[in-house]
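Undergrad: Have a look at this one.
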Amino acid sequence: MSAPAALYAGRPPSTGSAGSASEQERSAQPRFYRNGPADVSHIPATVSLDSQNIELEGWSTSAVTKAPDSDGDYTPIIKGAQAQDYNSSRSNKYEWWAGPDEDDDDEDGDTLDAIHDVELGLLSHVTSAQAAVAREDQNAASTAFDAFIDTTEDALRPALDKCGTGVCETVRENSDGRVQGIRIARGAVEEEDWAAARRELEGVEEIVLSDIERLDDELVARDPGRPRFIDIIEYLRDAPTIGESFSVCLPDASLPGDRGSLAEVLTLDHVLAYFASSYEPDGRRTPFNNLYDPVCCFDYTDDNYIDLDGPISLHEDVARQNILSAKLDTYTTENRAIVGDGTDGGTVVSAAAASADTDGKRVFLASGDVTGELILGEDRDMVMPGDNVSVGDSGGDGSVSPSLVCPVTVTPEDCPCPLPGLFYLKRVRNDDQIVFAGGWVLDEGALFEDSVTLLFAEGPTEVASVTPEDIESDDYDDRIVEQFSRDRSRFGSALVSGAPESVADSGMMPGPLGGILEGDNDEQMADGGGGGVDILGMEAEKLAVSALDAPLVHLAGAGELSKGDKVATGRIETGVINSGEEVDIL
């Protein structure tokens, strides 16, 4: 028997006197984004022996993490000034690489690319100015105005002089009107006419966005595999899905005929394939198949099932990659890799541009160490750690595997285009069951030049065991949190975003960002950031941080549950009740 488990969504932090804080103070606070209510599904697995089929109880949960839209309709636990959208606190200088089939010999395309990059930079200056005007901060607004004008004169116009296409002529004509709008907004700020400044900036922003869209259309016509950045911008302004978590729970069963155990068959490599295929031009393949031969014994059938070589058949929701609402792909990640570091306090990883300094396509984490899976030369040899690492007692008999982390592209079901992401996965044993838990988060480092997404772990995954009586109680969340030994576990799987110093002060990560800040970062943070801090060799003004060792909530006593027992959807991982749907525990 097995029972549902889910990543703990996290307890809302105390907001203190946030309601009476100034707009500038509130905008400097970190933002906490939690998973929404979980969907719980019954997904039995089948073991085949000769002509007999043995059904094993199985459960899955999944939950998405959303950010607010520009009207604040979907609200994080702590939000910045005027409920600004997901883009508002970042540079908007998108850096995502366009795809593996980009034509490097297209000189006109290179020129358009350069102009497109400048336009994205101009959009970032408009966004900065809008945020400063919202705070009524004259100095910050003036800095953003100067940056917009300087970028137009020093970067945009020289690039336009090298381009003779019609779209460049349109951008050139629009550039004069945009600069004029910025000058008018500057005068309004000097007179403290904030409403007039906002109106002018809205007009400038509209023109910049229209020019980005024109350049997108031209570049996509030249390279159909390239994303339209205007689609990304608009998506991130409208309550985007920025992460998703899942769990798959199965009995920790031995297989008949001396075939090992379920856990030995379902290694992290196998489970990765159930969530992130490689969608190559000639068809669906195993993860990263374009980079090295698959290390697992499975393939995909003509009807899009995963065909596992062995006695185990998983439920079609797993085999057809239906657990997550987003589509994950490991093919379009050629230029993204992983960089990581181990410290006395744990481990931390991030995605980075692929280079000799990055650790590899997949990184396995163990406490105090980072082990990369490296591609070594043309022979495609790999270095991999063992799949099982015992980390002692955690919520009962909890031994946990290392965490697997790899770059992916992810297309949420409400998104018109793929986005860069980080996928993570671990396996935990608890209450005679195995729980595969993981998910994905948006890779801000690939989208914004001033941002870095960090995933970290400092020890074993904690597990809170709950009963049906606990779930129905008024103090359900207290009963979960009191089982955690580390204070940080109260944040659960929440994504925390903000300036490095604000994230460090939030209590989300142990110590000064887990000991990964380098050089003079402590002094920089004490001075308010100073333009960014050095994190894993990357300069960051904004961090998005999530815990790989986020705790689990697991329904206890699966073997004692009888048919007809109920667990409310959305209550296994948090005390928040959703629409009231129920799932039978068979």
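Each chain in the structure tokens gets a letter, A, B, ..., in the order shown, and its residues are numbered from 1; ligands are numbered from 1 in order too.
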Residues of segment 116-302 of chain A classed as strand (DSSP E) by DSSP on the backbone are to be reported as number ranges by chain.

TA: A: 241-251, 278-280, 283-285, 298-300

Undergrad: What does the file look like for those residues with C-alpha atoms, as a PDB file, in the first residue's frame?

TA:
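Writing done, so here's again-v9.pdb:
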ATOM      1  CA  THR A 241       3.375  29.941 -13.939  1.00  0.00           C
ATOM      2  CA  ILE A 242       6.943  30.192 -12.609  1.00  0.00           C
ATOM      3  CA  GLY A 243       7.300  26.710 -11.119  1.00  0.00           C
ATOM      4  CA  GLU A 244       5.627  23.391 -10.488  1.00  0.00           C
ATOM      5  CA  SER A 245       6.195  20.581  -8.008  1.00  0.00           C
ATOM      6  CA  PHE A 246       5.204  16.925  -8.057  1.00  0.00           C
ATOM      7  CA  SER A 247       5.483  13.686  -6.127  1.00  0.00           C
ATOM      8  CA  VAL A 248       5.010  10.043  -7.078  1.00  0.00           C
ATOM      9  CA  CYS A 249       4.474   7.592  -4.189  1.00  0.00           C
ATOM     10  CA  LEU A 250       4.818   3.815  -4.547  1.00  0.00           C
ATOM     11  CA  PRO A 251       5.369   0.913  -2.119  1.00  0.00           C
ATOM     12  CA  SER A 278      14.474  15.104 -25.558  1.00  0.00           C
ATOM     13  CA  TYR A 279      12.188  16.318 -28.352  1.00  0.00           C
ATOM     14  CA  GLU A 280      14.634  16.122 -31.234  1.00  0.00           C
ATOM     15  CA  GLY A 283      11.394  12.271 -32.796  1.00  0.00           C
ATOM     16  CA  ARG A 284      11.138  11.900 -29.041  1.00  0.00           C
ATOM     17  CA  ARG A 285      14.236  10.492 -27.362  1.00  0.00           C
ATOM     18  CA  PHE A 298      13.837   2.193 -22.136  1.00  0.00           C
ATOM     19  CA  ASP A 299      12.472   3.871 -25.220  1.00  0.00           C
ATOM     20  CA  TYR A 300       9.320   5.576 -26.413  1.00  0.00           C
TER      21      TYR A 300
END

Undergrad: Please return as number ranges by chain: the residues of segment 418-467 of chain A that backbone DSSP assigns to alpha helix (DSSP H).

TA: A: 444-447

Undergrad: Grab the residues selected above and save them as an mmCIF file, in the first residue's frame with C-alpha atoms.

TA:
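Output saved as again02.cif:
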data_model
loop_
_atom_site.group_PDB
_atom_site.id
_atom_site.type_symbol
_atom_site.label_atom_id
_atom_site.label_comp_id
_atom_site.auth_asym_id
_atom_site.auth_seq_id
_atom_site.Cartn_x
_atom_site.Cartn_y
_atom_site.Cartn_z
ATOM 1 C CA GLU A 444 15.791 33.683 -14.178
ATOM 2 C CA GLY A 445 19.489 33.691 -14.975
ATOM 3 C CA ALA A 446 18.678 32.795 -18.581
ATOM 4 C CA LEU A 447 15.988 35.477 -18.877
#

Undergrad: For Val40 of chain A, which of A:Ala366, A:Ala276, A:Ile323, A:Leu536 is the closest residue, counting only C-alpha atoms?

TA: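 Once distances to Val40 of chain A are computed over only C-alpha atoms, the minimum belongs to A:Ile323.
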
Undergrad: Which residues are close to segment 45-57 of chain A, i.e. within 9 Å by only C-alpha atoms, leaving aside same-chain residues fewer than 5 positions away? Reply as a list in words.

TA: Met1, Ser2, Ala3, Cys249, Leu250, Pro251, Ala253, Leu255, Pro256, Gly257, Gly310, Pro311, Ile312, Ser313, Leu314, His315 and Leu586 of chain A

Undergrad: Dump all heavy atoms for the selected residues as a compact mmCIF listing (two decimals), in the first residue's frame?

TA:
# COMPACT_ATOMS: atom_id res chain seq x y z
N MET A 1 0.84 -1.20 0.00
CA MET A 1 0.00 0.00 0.00
C MET A 1 0.88 1.26 0.00
O MET A 1 2.03 1.23 0.42
CB MET A 1 -0.90 0.02 1.24
CG MET A 1 -1.92 -1.10 1.30
SD MET A 1 -3.28 -0.85 0.14
CE MET A 1 -4.12 0.55 0.90
N SER A 2 0.33 2.33 -0.49
CA SER A 2 0.99 3.63 -0.41
C SER A 2 -0.06 4.69 -0.18
O SER A 2 -1.26 4.43 -0.25
CB SER A 2 1.79 3.93 -1.69
OG SER A 2 0.92 4.19 -2.77
N ALA A 3 0.39 5.89 0.12
CA ALA A 3 -0.52 7.01 0.38
C ALA A 3 0.10 8.27 -0.18
O ALA A 3 1.32 8.36 -0.37
CB ALA A 3 -0.77 7.16 1.89
N CYS A 249 4.31 8.47 -5.35
CA CYS A 249 4.47 7.59 -4.19
C CYS A 249 4.12 6.16 -4.57
O CYS A 249 3.03 5.91 -5.11
CB CYS A 249 3.58 8.04 -3.04
SG CYS A 249 3.81 9.75 -2.57
N LEU A 250 5.01 5.23 -4.26
CA LEU A 250 4.82 3.81 -4.55
C LEU A 250 5.32 3.01 -3.37
O LEU A 250 6.16 3.48 -2.58
CB LEU A 250 5.58 3.40 -5.81
CG LEU A 250 5.15 4.06 -7.13
CD1 LEU A 250 6.21 3.86 -8.19
CD2 LEU A 250 3.81 3.49 -7.59
N PRO A 251 4.85 1.76 -3.21
CA PRO A 251 5.37 0.91 -2.12
C PRO A 251 6.85 0.62 -2.34
O PRO A 251 7.31 0.47 -3.48
CB PRO A 251 4.52 -0.36 -2.23
CG PRO A 251 3.33 0.01 -3.02
CD PRO A 251 3.77 1.09 -3.97
N ALA A 253 8.68 -1.87 -2.61
CA ALA A 253 8.43 -3.31 -2.78
C ALA A 253 9.61 -4.01 -3.44
O ALA A 253 10.31 -3.45 -4.30
CB ALA A 253 7.18 -3.51 -3.62
N LEU A 255 10.75 -6.95 -6.03
CA LEU A 255 10.16 -7.53 -7.22
C LEU A 255 10.31 -9.04 -7.19
O LEU A 255 11.33 -9.57 -6.70
CB LEU A 255 10.83 -6.97 -8.47
CG LEU A 255 10.73 -5.45 -8.64
CD1 LEU A 255 11.43 -5.01 -9.92
CD2 LEU A 255 9.28 -4.99 -8.66
N PRO A 256 9.34 -9.78 -7.70
CA PRO A 256 9.42 -11.25 -7.68
C PRO A 256 10.52 -11.77 -8.59
O PRO A 256 10.95 -11.09 -9.52
CB PRO A 256 8.02 -11.67 -8.18
CG PRO A 256 7.54 -10.50 -8.97
CD PRO A 256 8.10 -9.29 -8.31
N GLY A 257 10.96 -12.98 -8.29
CA GLY A 257 11.95 -13.61 -9.14
C GLY A 257 13.34 -13.04 -8.99
O GLY A 257 14.11 -13.02 -9.96
N GLY A 310 11.57 -4.30 -18.56
CA GLY A 310 11.53 -4.97 -17.27
C GLY A 310 10.11 -5.28 -16.87
O GLY A 310 9.16 -5.11 -17.65
N PRO A 311 9.93 -5.73 -15.65
CA PRO A 311 8.60 -6.18 -15.22
C PRO A 311 7.66 -5.06 -14.79
O PRO A 311 6.50 -5.31 -14.52
CB PRO A 311 8.93 -7.09 -14.03
CG PRO A 311 10.17 -6.50 -13.44
CD PRO A 311 10.97 -5.98 -14.62
N ILE A 312 8.16 -3.82 -14.69
CA ILE A 312 7.36 -2.72 -14.14
C ILE A 312 6.67 -1.94 -15.25
O ILE A 312 7.31 -1.55 -16.24
CB ILE A 312 8.23 -1.77 -13.31
CG1 ILE A 312 8.87 -2.51 -12.15
CG2 ILE A 312 7.42 -0.59 -12.80
CD1 ILE A 312 7.87 -3.01 -11.14
N SER A 313 5.38 -1.70 -15.09
CA SER A 313 4.64 -0.79 -15.97
C SER A 313 4.02 0.28 -15.08
O SER A 313 3.28 -0.03 -14.15
CB SER A 313 3.54 -1.53 -16.74
OG SER A 313 4.09 -2.52 -17.58
N LEU A 314 4.33 1.53 -15.37
CA LEU A 314 3.76 2.62 -14.59
C LEU A 314 2.47 3.11 -15.23
O LEU A 314 2.21 2.90 -16.41
CB LEU A 314 4.76 3.76 -14.47
CG LEU A 314 6.05 3.44 -13.71
CD1 LEU A 314 6.89 4.70 -13.54
CD2 LEU A 314 5.77 2.81 -12.35
N HIS A 315 1.68 3.77 -14.44
CA HIS A 315 0.38 4.27 -14.87
C HIS A 315 0.54 5.20 -16.08
O HIS A 315 1.56 5.87 -16.23
CB HIS A 315 -0.28 5.01 -13.71
CG HIS A 315 -1.70 5.39 -13.93
ND1 HIS A 315 -2.06 6.58 -14.53
CD2 HIS A 315 -2.86 4.75 -13.64
CE1 HIS A 315 -3.38 6.66 -14.58
NE2 HIS A 315 -3.89 5.56 -14.05
N LEU A 586 -7.94 3.90 -1.76
CA LEU A 586 -8.49 2.56 -1.99
C LEU A 586 -7.83 1.53 -1.09
O LEU A 586 -6.67 1.64 -0.76
CB LEU A 586 -8.29 2.18 -3.46
CG LEU A 586 -8.97 3.13 -4.46
CD1 LEU A 586 -8.65 2.68 -5.88
CD2 LEU A 586 -10.47 3.16 -4.25

Undergrad: Using only C-alpha atoms, determine which residues lie at most 12 Å from Val545 of chain A, disregarding the query and same-chain residues fewer than 3 positions distant; provide the list as a ChimeraX atom specification.

TA: /A:30-33,243,348-350,422,441-445,451-457,491-500,502-504,506-510,513-514,542,548,550

Undergrad: Could you tell me which of A:Ser142, A:Ser546, A:Ser355, A:Thr330 comes closest to Ile182 of chain A if we count only C-alpha atoms?

TA: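 Going through A:Ser142, A:Ser546, A:Ser355, A:Thr330 one by one, the smallest distance to Ile182 of chain A is for A:Ser142.
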
Undergrad: Distance atom CA of Val126 of chain A-atom CA of Pro227 of chain A, one decimal place?

TA: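 It comes out at 22.4 Å.
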
Undergrad: If I take atom CA of Ala114 of chain A and atom CA of Val179 of chain A, how far is one from the other in Å, to one decimal?

TA: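 Here the two named atoms are 19.6 Å from each other.
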
Undergrad: So how far away is atom CA of Thr461 of chain A from atom CA of Arg486 of chain A, in Å?

TA: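 Atom CA of Thr461 of chain A lies at a distance of 10.4 Å from atom CA of Arg486 of chain A.
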
Undergrad: Counting only C-alpha atoms, which of A:Gly10, A:Pro460, A:Pro4, A:Pro44 gets nearest to Glu316 of chain A?

TA: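 Looking at the shortest contact to Glu316 of chain A, the residue is A:Pro44.
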
Undergrad: Tell me which of A:Gly181, A:Gly58, A:Gly459, A:Gly36 sits closest to Gly346 of chain A, counting only C-alpha atoms.

TA: A:Gly459
